[in-house]
Amino acid sequence: MSASELRAITGCSIEKAKILLDIYNGDANSAAEAYFSGEAIPSARSKGRRSSKNQPKISKIDEWFNKYSDEDEEMSDKGILSFCEDIGINPQDPTILALAYEMSAKEMGLFTKDEFRKGMVSLGVSSCKELREKVAYIKGKMSDTNSKFFKEVYAFTFDFAREGTLKSLSMHDSIELWNILLPVSRFPLLKPFEEFLKKEGSVSIVARGCSEGRIARDLWMQLPLFFDHVGPDFEKYDSADAWPVILDDFAAFFESNMKREISG
């Protein structure tokens, strides 16, 4: 493995990658393990002494990846479906977004070999069996929507799902992703908000100076905070609060619908 490949996996500088490979006599496994474990770079006298026992093996990760890769050495839709099946998750499970986050993946529906290496080394696994054993742990972390990990995955998903150079998400993609990431049991206002977007959202978004049918980062990031703040029945909503204006439109829509239900 070259220094540039090690850099792609670890995210370290090219200089540090060269030093690590030199210290570990070109052993990419040990070099990557040293970096991800946070260990200080050892002196030249300790070359070759560090054991890689029970640590993820790059060669095994590559062999595992190749099971799902296509002729371009990328894991695309078909490979990702097989990967999800093998580790026991539904492709619509938020776990796959958590895994993409661990990989620092750049494009939805596609994992490169370098991204896959980075993610599996970060998770400390080098086989399907080892990852299956961690799925419950990852699911648990994702279920805590107040956790730092969930918030990081949620923020990552916006950029991960964006198309090309676009700076916003389509309304359709946003709704699909919100339904994956935000459980209705925890965010009961999600369904009324989805109804609002489908009925009046495009008009409201355009009126606020945004592209028709697209969701900006600010709204994406603020939505779960808004749901948490106002409560399931809007009992804590205050129009004077500084939320994206479209959420004030949603509040008016919600109140109007409630009045219609009460009166009729």
# chains A, B, ... in the order shown; residues from 1 in each chain; ligands from 1

call {"tool": "residues_around", "arguments": {"residues": "Cys12 in chain A", "least_positions_apart": "3", "cutoff": "10 Å", "atoms": "only C-alpha atoms", "output": "PyMOL selection string"}}
result
chain A and resi 3-4+6-9+15-17+32+35-36

call {"tool": "select_by_dssp", "arguments": {"residues": "range 45-214 of chain A", "states": "strand (DSSP E or B)", "output": "MDAnalysis selection string"}}
result
chainID A and resid 74:75 107 110:112 169:170 214

call {"tool": "residues_around", "arguments": {"residues": "Cys84 in chain A", "least_positions_apart": "4", "cutoff": "12 Å", "atoms": "only C-alpha atoms", "output": "list in words"}}
result
Tyr68, Met75, Asp77, Lys78, Gly79, Ile80, Gly88, Ile89, Asn90, Pro91, Gln92, Asp93, Pro94, Thr95, Ile96, Leu97, Leu99, Cys128, Leu131, Arg132 and Val135 of chain A
